[in-house]
$ cat query-v2.cif   # mmCIF, C-alpha atoms and all ligand atoms
data_final
loop_
_atom_site.label_atom_id
_atom_site.label_comp_id
_atom_site.auth_asym_id
_atom_site.auth_seq_id
_atom_site.Cartn_x
_atom_site.Cartn_y
_atom_site.Cartn_z
CA MET A 1 252.99 135.70 -78.85
CA ILE A 2 254.89 138.82 -77.85
CA GLY A 3 253.33 141.26 -75.39
CA GLN A 4 250.71 141.20 -72.67
CA GLY A 5 249.00 144.56 -72.91
CA ILE A 6 245.27 144.60 -73.55
CA CYS A 7 245.88 143.28 -77.09
CA GLY A 8 248.04 140.34 -76.01
CA THR A 9 245.66 139.55 -73.17
CA PHE A 10 242.60 139.23 -75.43
CA MET A 11 244.52 137.35 -78.14
CA TYR A 12 245.74 134.89 -75.51
CA ARG A 13 242.25 134.54 -74.06
CA TYR A 14 240.54 133.79 -77.38
CA LEU A 15 243.36 131.61 -78.75
CA ALA A 16 243.34 129.51 -75.58
CA ASP A 17 239.52 129.26 -75.75
CA ALA A 18 239.85 128.10 -79.36
CA GLY A 19 242.14 125.27 -78.25
CA TYR A 20 245.56 126.65 -79.25
CA THR A 21 248.62 126.34 -77.04
CA VAL A 22 250.06 129.81 -76.52
CA LEU A 23 253.25 131.04 -74.91
CA VAL A 24 253.40 134.77 -74.18
CA ILE A 25 256.75 136.51 -73.95
CA ASP A 26 256.35 139.79 -72.12
CA GLU A 27 258.88 142.03 -70.50
CA ALA A 28 257.04 143.80 -67.68
CA ARG A 29 257.22 147.53 -68.37
CA ASN A 30 255.45 149.98 -66.09
CA ASN A 31 254.96 152.52 -68.85
CA SER A 32 253.32 150.34 -71.51
CA ALA A 33 250.19 151.99 -72.93
CA SER A 34 247.80 149.56 -71.23
CA LYS A 35 249.40 150.23 -67.82
CA VAL A 36 249.03 153.99 -68.18
CA ALA A 37 245.57 154.13 -69.82
CA ALA A 38 242.46 155.30 -67.98
CA GLY A 39 240.30 152.48 -69.35
CA VAL A 40 237.47 154.66 -70.64
CA ILE A 41 235.28 153.68 -73.58
CA ASN A 42 233.67 156.93 -74.70
CA PRO A 43 231.14 156.52 -77.53
CA VAL A 44 231.55 160.07 -78.83
CA THR A 45 234.61 162.13 -79.52
CA GLY A 46 235.98 165.57 -80.25
CA ARG A 47 234.54 169.06 -80.36
CA ARG A 48 232.01 167.97 -82.97
CA ILE A 49 230.82 165.16 -80.70
CA VAL A 50 230.85 162.53 -83.42
CA LYS A 51 230.32 158.83 -82.74
CA THR A 52 233.61 156.93 -82.64
CA TRP A 53 234.38 154.37 -85.33
CA LEU A 54 232.25 151.18 -85.05
CA ILE A 55 231.08 152.16 -81.55
CA ASP A 56 227.58 150.66 -81.94
CA GLU A 57 229.24 147.30 -82.56
CA VAL A 58 232.35 147.42 -80.40
CA MET A 59 230.91 148.89 -77.19
CA PRO A 60 228.17 146.28 -76.59
CA PHE A 61 230.68 143.55 -77.51
CA ALA A 62 233.27 144.98 -75.11
CA LEU A 63 230.73 145.18 -72.28
CA GLN A 64 229.69 141.57 -72.84
CA GLU A 65 233.27 140.30 -73.04
CA TYR A 66 234.63 142.24 -70.03
CA LYS A 67 231.65 141.10 -67.96
CA LYS A 68 232.24 137.51 -69.00
CA LEU A 69 235.94 137.78 -68.13
CA GLY A 70 235.05 139.41 -64.78
CA ASN A 71 232.60 136.64 -63.93
CA GLU A 72 235.11 133.92 -64.80
CA PHE A 73 237.81 135.37 -62.57
CA ASN A 74 235.48 136.86 -59.97
CA ILE A 75 236.75 140.42 -60.50
CA SER A 76 235.00 143.68 -61.36
CA ALA A 77 236.42 144.15 -64.87
CA VAL A 78 234.04 146.80 -66.21
CA GLN A 79 231.50 149.35 -65.01
CA GLU A 80 228.88 151.26 -66.94
CA MET A 81 229.34 154.91 -66.09
CA SER A 82 228.20 158.18 -67.60
CA ILE A 83 230.64 160.93 -68.52
CA VAL A 84 229.83 164.40 -67.18
CA GLU A 85 231.21 166.80 -69.76
CA PHE A 86 231.45 170.38 -68.53
CA LEU A 87 230.82 172.66 -71.49
CA PRO A 88 233.67 175.16 -71.63
CA THR A 89 232.09 177.88 -73.83
CA PRO A 90 228.57 178.99 -74.88
CA GLN A 91 229.48 177.94 -78.45
CA ILE A 92 230.29 174.41 -77.38
CA ARG A 93 227.06 174.30 -75.37
CA GLU A 94 225.21 175.32 -78.55
CA SER A 95 226.86 172.63 -80.65
CA PHE A 96 226.14 170.03 -77.94
CA LEU A 97 222.44 170.99 -78.00
CA LYS A 98 222.39 171.00 -81.79
CA LYS A 99 223.95 167.55 -81.86
CA ILE A 100 221.30 166.25 -79.44
CA SER A 101 218.55 167.51 -81.75
CA GLU A 102 220.15 165.49 -84.59
CA ASP A 103 221.03 162.31 -82.69
CA SER A 104 220.54 161.82 -78.96
CA GLN A 105 221.67 158.17 -78.78
CA TYR A 106 224.60 158.84 -76.45
CA ILE A 107 224.24 162.46 -75.32
CA ALA A 108 221.88 164.55 -73.22
CA VAL A 109 221.85 167.87 -71.37
CA PRO A 110 220.22 167.46 -67.95
CA GLU A 111 217.71 170.12 -66.82
CA ASP A 112 219.51 170.87 -63.55
CA SER A 113 222.81 172.45 -64.55
CA THR A 114 223.84 173.10 -60.93
CA ARG A 115 224.16 169.39 -60.01
CA TRP A 116 227.97 169.43 -59.83
CA GLN A 117 228.60 172.94 -58.50
CA GLU A 118 229.51 171.63 -55.08
CA PHE A 119 232.55 169.88 -56.63
CA PHE A 120 233.59 171.72 -59.81
CA ASN A 121 233.90 175.24 -61.21
CA TYR A 122 232.00 175.51 -64.49
CA ASP A 123 229.99 178.28 -66.15
CA PHE A 124 228.09 176.86 -69.09
CA GLY A 125 226.39 173.76 -67.72
CA PHE A 126 227.26 170.20 -68.59
CA GLY A 127 226.28 167.45 -70.96
CA GLU A 128 226.05 163.78 -70.17
CA ILE A 129 227.49 161.02 -72.33
CA SER A 130 225.90 157.68 -71.64
CA PRO A 131 226.40 154.80 -71.66
CA ALA A 132 230.18 154.90 -71.39
CA LEU A 133 232.33 152.15 -69.91
CA LEU A 134 235.19 152.11 -67.46
CA VAL A 135 237.45 149.09 -67.84
CA ASN A 136 239.68 148.10 -64.93
CA LEU A 137 242.84 147.53 -66.96
CA PRO A 138 245.30 147.10 -64.04
CA LEU A 139 243.13 144.38 -62.53
CA ILE A 140 242.53 142.56 -65.83
CA LEU A 141 246.22 142.63 -66.78
CA ASP A 142 247.35 141.40 -63.35
CA THR A 143 244.68 138.71 -63.22
CA TYR A 144 245.63 137.38 -66.64
CA ARG A 145 249.32 137.56 -65.88
CA ASP A 146 248.81 135.38 -62.80
CA ASN A 147 246.71 133.01 -64.88
CA MET A 148 249.41 132.75 -67.59
CA ARG A 149 252.06 132.16 -64.92
CA ARG A 150 250.01 129.45 -63.25
CA CYS A 151 249.52 127.70 -66.60
CA ASN A 152 253.24 128.03 -67.41
CA ASN A 153 252.37 130.08 -70.47
CA LEU A 154 254.38 133.22 -69.67
CA LEU A 155 258.03 133.98 -70.23
CA GLU A 156 258.91 137.23 -68.46
CA GLU A 157 261.78 138.58 -70.50
CA LYS A 158 262.58 140.81 -73.44
CA PHE A 159 261.98 139.21 -76.84
CA GLU A 160 265.00 139.76 -79.10
CA ILE A 161 264.14 139.39 -82.74
CA GLU A 162 267.76 138.56 -83.70
CA ASN A 163 267.26 135.17 -82.00
CA LEU A 164 264.26 134.22 -84.12
CA ILE A 165 265.01 131.58 -86.74
CA ILE A 166 262.52 130.93 -89.53
CA THR A 167 262.75 127.54 -91.25
CA GLY A 168 259.95 127.06 -93.74
CA ASP A 169 256.74 126.78 -91.72
CA HIS A 170 258.56 126.51 -88.40
CA LEU A 171 259.85 129.12 -86.01
CA THR A 172 262.51 128.67 -83.38
CA TYR A 173 263.30 131.17 -80.63
CA LYS A 174 266.06 130.01 -78.29
CA ASP A 175 264.74 126.58 -77.21
CA ILE A 176 261.11 127.34 -78.10
CA LYS A 177 259.57 125.91 -81.25
CA SER A 178 256.32 127.16 -82.67
CA THR A 179 254.20 127.24 -85.79
CA ALA A 180 253.25 130.91 -85.56
CA LEU A 181 254.29 134.12 -83.85
CA ILE A 182 252.00 137.09 -83.26
CA PHE A 183 253.33 140.47 -82.22
CA CYS A 184 251.08 142.26 -79.69
CA ASP A 185 253.97 144.35 -78.45
CA GLY A 186 252.55 147.86 -78.79
CA ILE A 187 254.98 150.49 -80.01
CA SER A 188 257.83 147.95 -80.30
CA SER A 189 256.33 146.59 -83.55
CA GLY A 190 257.12 149.90 -85.23
CA GLY A 191 260.81 148.97 -85.00
CA ASN A 192 260.67 145.32 -85.97
CA ARG A 193 261.97 144.15 -89.32
CA PHE A 194 258.70 142.54 -90.42
CA PHE A 195 256.36 145.45 -89.79
CA ARG A 196 258.44 148.63 -89.49
CA ASP A 197 257.25 149.98 -92.87
CA LEU A 198 253.62 150.13 -91.75
CA PRO A 199 252.35 153.65 -91.08
CA PHE A 200 252.69 153.63 -87.29
CA ALA A 201 252.25 157.04 -85.67
CA PRO A 202 253.20 156.69 -81.99
CA ASN A 203 251.50 159.21 -79.74
CA LYS A 204 252.67 160.07 -76.24
CA GLY A 205 250.24 160.69 -73.39
CA GLU A 206 250.67 161.63 -69.76
CA ALA A 207 248.40 161.45 -66.73
CA VAL A 208 248.59 162.03 -62.99
CA LEU A 209 246.98 160.08 -60.17
CA VAL A 210 245.28 162.36 -57.68
CA GLU A 211 243.90 161.75 -54.22
CA VAL A 212 240.53 163.49 -53.79
CA ASN A 213 238.24 162.74 -50.88
CA ASP A 214 234.45 163.11 -51.10
CA LEU A 215 234.18 163.25 -54.90
CA PRO A 216 231.55 160.75 -56.13
CA ALA A 217 233.40 157.91 -57.87
CA ASN A 218 230.44 156.81 -59.97
CA HIS A 219 231.01 159.27 -62.85
CA ILE A 220 233.78 160.23 -65.22
CA TYR A 221 234.30 164.02 -65.39
CA LYS A 222 235.54 165.86 -68.44
CA LYS A 223 236.59 169.45 -69.03
CA GLY A 224 239.37 169.28 -71.60
CA PHE A 225 241.19 166.74 -69.40
CA THR A 226 239.29 163.74 -68.05
CA LEU A 227 239.08 162.83 -64.36
CA VAL A 228 238.42 159.12 -63.96
CA PRO A 229 237.75 157.04 -60.80
CA TRP A 230 240.82 154.79 -60.41
CA LYS A 231 240.62 153.08 -57.03
CA ASN A 232 239.40 154.07 -53.53
CA ASN A 233 239.77 157.85 -53.39
CA ILE A 234 242.33 158.03 -56.20
CA PHE A 235 241.40 159.54 -59.59
CA TRP A 236 243.29 159.41 -62.91
CA LEU A 237 243.63 162.80 -64.63
CA GLY A 238 244.80 163.09 -68.23
CA ALA A 239 245.76 163.12 -70.91
CA ASN A 240 247.63 165.02 -73.58
CA TYR A 241 248.31 163.79 -77.13
CA LEU A 242 251.79 164.42 -78.51
CA TRP A 243 252.92 163.37 -81.97
CA GLU A 244 256.39 164.74 -81.34
CA PHE A 245 258.33 163.95 -78.20
CA ASP A 246 261.92 163.37 -77.10
CA THR A 247 261.39 160.94 -74.25
CA ASP A 248 258.80 158.47 -73.03
CA ILE A 249 259.00 159.70 -69.45
CA PRO A 250 256.72 162.05 -67.45
CA THR A 251 257.51 165.75 -67.93
CA PRO A 252 257.34 168.70 -65.50
CA GLY A 253 255.35 170.66 -68.12
CA PHE A 254 252.47 168.21 -68.04
CA TYR A 255 252.57 168.05 -64.25
CA ARG A 256 252.10 171.84 -64.11
CA PHE A 257 249.16 171.69 -66.57
CA ALA A 258 247.48 168.99 -64.52
CA GLU A 259 248.07 170.86 -61.25
CA ASN A 260 246.61 174.08 -62.73
CA TRP A 261 243.61 172.18 -64.08
CA LEU A 262 242.94 170.78 -60.62
CA LYS A 263 243.32 174.20 -58.95
CA GLN A 264 241.01 175.88 -61.44
CA THR A 265 238.41 173.16 -61.91
CA LEU A 266 238.08 171.22 -58.68
CA LYS A 267 236.55 172.74 -55.54
CA LEU A 268 237.87 169.99 -53.26
CA PRO A 269 241.36 169.61 -51.75
CA PHE A 270 243.59 167.30 -53.79
CA LYS A 271 247.03 165.70 -53.67
CA ILE A 272 248.91 164.45 -56.75
CA VAL A 273 250.33 161.05 -55.80
CA ASP A 274 251.79 159.75 -59.07
CA HIS A 275 252.68 160.84 -62.59
CA LEU A 276 252.53 158.46 -65.57
CA ALA A 277 253.52 158.57 -69.23
CA GLY A 278 253.10 156.07 -72.04
CA ILE A 279 253.10 155.86 -75.81
CA ARG A 280 249.94 154.89 -77.67
CA PRO A 281 250.50 152.49 -80.59
CA ALA A 282 248.58 154.75 -82.97
CA THR A 283 248.53 154.61 -86.76
CA LEU A 284 248.42 157.32 -89.42
CA GLU A 285 244.95 156.40 -90.66
CA ARG A 286 243.67 155.64 -87.11
CA ARG A 287 242.83 152.05 -87.92
CA PRO A 288 244.26 148.85 -86.36
CA PHE A 289 246.78 146.46 -87.90
CA VAL A 290 245.42 142.90 -87.79
CA GLY A 291 246.65 139.86 -89.69
CA PHE A 292 249.60 137.85 -90.97
CA HIS A 293 252.56 139.08 -92.99
CA PRO A 294 252.04 138.44 -96.73
CA VAL A 295 255.53 136.92 -97.16
CA TYR A 296 256.24 135.42 -93.71
CA LYS A 297 252.82 133.85 -93.44
CA ASN A 298 253.16 132.58 -89.89
CA ILE A 299 254.22 135.96 -88.47
CA GLY A 300 251.24 138.03 -87.37
CA LEU A 301 250.48 141.44 -85.97
CA PHE A 302 247.74 142.60 -83.61
CA ASN A 303 248.37 146.25 -83.00
CA GLY A 304 247.61 149.87 -83.83
CA MET A 305 244.71 150.36 -81.40
CA GLY A 306 245.75 153.98 -80.83
CA THR A 307 243.55 155.75 -78.29
CA LYS A 308 240.92 153.00 -78.27
CA GLY A 309 242.53 149.76 -77.11
CA CYS A 310 239.81 149.03 -74.54
CA SER A 311 237.03 148.86 -77.13
CA LEU A 312 238.91 147.69 -80.23
CA ALA A 313 241.14 144.98 -78.70
CA PRO A 314 238.36 142.54 -77.67
CA PHE A 315 236.46 143.04 -80.93
CA PHE A 316 239.36 142.57 -83.31
CA ALA A 317 241.04 139.85 -81.23
CA ARG A 318 237.85 137.84 -81.66
CA GLN A 319 237.88 138.50 -85.44
CA PHE A 320 241.56 137.61 -85.73
CA VAL A 321 241.18 134.33 -83.82
CA GLU A 322 238.12 133.40 -85.93
CA PHE A 323 240.21 134.12 -89.01
CA ILE A 324 242.97 131.84 -87.69
CA LYS A 325 240.56 129.05 -86.80
CA TYR A 326 237.89 129.29 -89.51
CA GLY A 327 239.35 131.58 -92.17
CA THR A 328 236.56 134.17 -91.76
CA ALA A 329 237.43 137.69 -92.83
CA VAL A 330 238.74 140.50 -90.65
CA TYR A 331 237.15 143.89 -91.44
CA LYS A 332 239.09 145.27 -94.36
CA GLU A 333 239.76 148.64 -92.66
CA ALA A 334 241.71 146.74 -89.98
CA ASP A 335 243.21 143.89 -92.03
CA ILE A 336 246.92 144.37 -92.79
CA LYS A 337 246.21 142.94 -96.22
CA ARG A 338 245.67 146.59 -97.18
CA PHE A 339 249.45 147.00 -96.88
CA SER A 340 250.41 143.79 -98.72
CA GLY A 341 252.28 145.81 -101.33
CA ILE A 342 254.46 147.63 -98.83
CA LEU A 343 255.06 144.53 -96.72
CA SER A 344 255.91 142.30 -99.69
CA ARG A 345 258.77 144.59 -100.63
CA LEU A 346 260.54 143.68 -97.36
CA LYS A 347 263.46 141.30 -97.62
C1 LIG B 401 247.90 158.31 -71.30
C2 LIG B 401 247.10 157.29 -72.04
C3 LIG B 401 245.73 157.17 -71.79
C4 LIG B 401 244.95 156.24 -72.48
N1 LIG B 401 243.63 156.09 -72.17
C5 LIG B 401 242.87 155.18 -72.83
C6 LIG B 401 241.50 154.98 -72.48
O1 LIG B 401 240.99 155.61 -71.55
N2 LIG B 401 240.78 154.09 -73.21
C7 LIG B 401 241.34 153.34 -74.23
O2 LIG B 401 240.64 152.55 -74.86
N3 LIG B 401 242.65 153.49 -74.55
C8 LIG B 401 243.42 154.39 -73.88
N4 LIG B 401 244.74 154.53 -74.20
C9 LIG B 401 245.27 153.76 -75.34
C10 LIG B 401 245.57 152.33 -74.89
O3 LIG B 401 246.45 152.40 -73.85
C11 LIG B 401 246.15 151.53 -76.05
O4 LIG B 401 245.27 151.52 -77.17
C12 LIG B 401 246.37 150.07 -75.64
O5 LIG B 401 246.80 149.97 -74.33
C13 LIG B 401 247.37 149.38 -76.56
O6 LIG B 401 247.56 148.08 -76.07
P1 LIG B 401 248.66 147.10 -76.66
O7 LIG B 401 248.44 145.80 -75.99
O8 LIG B 401 248.64 147.17 -78.14
O9 LIG B 401 250.07 147.74 -76.25
P2 LIG B 401 250.80 147.85 -74.83
O10 LIG B 401 249.85 148.12 -73.75
O11 LIG B 401 251.91 148.81 -75.02
O12 LIG B 401 251.37 146.40 -74.57
C14 LIG B 401 252.52 145.91 -75.21
C15 LIG B 401 253.19 144.89 -74.31
O13 LIG B 401 254.29 144.32 -75.02
C16 LIG B 401 255.42 144.29 -74.17
N5 LIG B 401 256.61 144.34 -75.02
C17 LIG B 401 256.96 145.27 -75.93
N6 LIG B 401 258.11 144.95 -76.54
C18 LIG B 401 258.51 143.78 -75.99
C19 LIG B 401 259.65 142.93 -76.18
N7 LIG B 401 260.62 143.20 -77.08
N8 LIG B 401 259.76 141.81 -75.44
C20 LIG B 401 258.80 141.48 -74.51
N9 LIG B 401 257.71 142.26 -74.29
C21 LIG B 401 257.57 143.39 -75.01
C22 LIG B 401 255.24 145.50 -73.27
O14 LIG B 401 255.98 145.36 -72.06
C23 LIG B 401 253.75 145.48 -73.02
O15 LIG B 401 253.41 144.66 -71.93
C24 LIG B 401 245.56 155.42 -73.49
C25 LIG B 401 246.93 155.51 -73.71
C26 LIG B 401 247.70 156.43 -73.00
C27 LIG B 401 249.18 156.50 -73.24
#

$ encode --input "query-v2.cif" --output "structure tokens"
Amino acid sequence: MIGQGICGTFMYRYLADAGYTVLVIDEARNNSASKVAAGVINPVTGRRIVKTWLIDEVMPFALQEYKKLGNEFNISAVQEMSIVEFLPTPQIRESFLKKISEDSQYIAVPEDSTRWQEFFNYDFGFGEISPALLVNLPLILDTYRDNMRRCNNLLEEKFEIENLIITGDHLTYKDIKSTALIFCDGISSGGNRFFRDLPFAPNKGEAVLVEVNDLPANHIYKKGFTLVPWKNNIFWLGANYLWEFDTDIPTPGFYRFAENWLKQTLKLPFKIVDHLAGIRPATLERRPFVGFHPVYKNIGLFNGMGTKGCSLAPFFARQFVEFIKYGTAVYKEADIKRFSGILSRLK
């Protein structure tokens, strides 16, 4: 398998549980999407506050699986946490209230709108999104990396596709022989010769890490940007969404936006201590890519989680591994079979 972001980690976990022997090749990169992500699973999205795709299925499954993982390794992998969404205009407050009257499963407007005035500037009250989840990605990735190292299942280097030799059902990479290869390598898959014709739509995002003392770390706060408890008195603040970008590195423009947001929104002193940027492996139709290549049947892809890796990766990794072991179907919206035509044209 190539890649140990959140996708590679869950694929490895479920494949190993299913009895397969797995070697992961991962070149440690500090700016991979999973290293930069906040780790939030938010059940609703956008101005119209619509439920995110499959959330009623994927969120309970994610909670169960992260808890299980946390218990096994004795780490705090996930927390249930509500999102405090400051309503930026009277119109948005109206649409929030209207939405609640239609479906209040995940949203509410508390009676006391002054609750957060000690900490934040806001004029039109706030809504609460609950339950939401906060996944501790850095801890999960590090814990699994150590585990893979201990089991001798990790090769920490760059995978170079030119060195892959396909002979019938068998694959050889340098001195490694295997029966299958699954790419969980985030945005790199968009450039590889097997999958480059899929409609990838990489999306850049930036965030800053901010030191803030005395801000309760048991909520996620949202006002355009999202302020997320990270560790101790450090909060993650982000992100933007760019379809067009020249570099994958942090930019001064975003830093200024973030600094202004903090000055205007937060009533507490703050200090920006780090600045991160990463590229989300997003897809044009906002659906994952899961499955094996129609021509090279032992070359697979687990990718395209876009902005929702924390919720979609456990769910679809489980489906993919059950497909590998038992032949059960992957949801058709995520199965790369939908692109068989395009992929079969590849030489
Ligand atoms: C700013 C930002 C904020 C985000 N916030 C959230 C959030 O709050 N909640 C959420 O659910 N999602 C969030 N996301 C999206 C989330 O990060 C992605 O959906 C998810 O991390 C994708 O995981 P992945 O494993 O597919 O890819 P990656 O995390 O990119 O992992 C790919 C791995 O493959 C390795 N690799 C690549 N090429 C090679 C090679 N040739 N050889 C060896 N190794 C290789 C990389 O080093 C990396 O370790 C955010 C993304 C960004 C950028």

$ residues_near_ligand --input "query-v2.cif" --ligand "ligand LIG 401 (chain B)" --cutoff "7 Å" --atoms "all atoms listed in the file" --output "NGL selection string"
:A and (2-8 or 25-29 or 32-41 or 157-160 or 184-188 or 204-207 or 238-239 or 277-281 or 303-311)

$ closest_residue --input "query-v2.cif" --among "A:Met1, A:Leu134, A:Glu333, A:Leu164" --to "A:Trp236" --atoms "all atoms listed in the file"
A:Leu134

$ atom_distance --input "query-v2.cif" --atom1 "atom CA of A:Met11" --atom2 "atom CA of A:Ala317"
5.3 Å

$ atom_distance --input "query-v2.cif" --atom1 "atom CA of A:Trp230" --atom2 "atom CA of A:Asp248"
22.3 Å

$ atom_distance --input "query-v2.cif" --atom1 "atom CA of A:Glu80" --atom2 "atom CA of A:Pro131"
6.4 Å

$ closest_residue --input "query-v2.cif" --among "A:Pro110, A:Pro294, A:Pro250, A:Pro88" --to "A:Arg47" --atoms "all atoms listed in the file"
A:Pro88

$ closest_residue --input "query-v2.cif" --among "A:Val50, A:Ile83, A:Leu97, A:Ile75" --to "A:Asp142" --atoms "only C-alpha atoms"
A:Ile75

$ closest_residue --input "query-v2.cif" --among "A:Gly19, A:Arg93, A:Phe119, A:Lys68" --to "A:Lys263" --atoms "all atoms listed in the file"
A:Phe119

$ closest_residue --input "query-v2.cif" --among "A:Leu139, A:Val210, A:Ile299, A:Val290" --to "A:Leu266" --atoms "only C-alpha atoms"
A:Val210

$ closest_residue --input "query-v2.cif" --among "A:Ala313, A:Ala201, A:Leu171, A:Leu87" --to "A:Leu284" --atoms "only C-alpha atoms"
A:Ala201

$ residues_near_point --input "query-v2.cif" --point "(227.9, 172.0, -80.5)" --cutoff "12 Å" --atoms "all atoms listed in the file" --output "ChimeraX atom specification"
/A:45-50,87-102,107,109,127

$ residues_around --input "query-v2.cif" --residues "A:Val330" --least-positions-apart "4" --cutoff "10 Å" --atoms "all atoms listed in the file" --output "ChimeraX atom specification"
/A:290-291,316-323,334-337
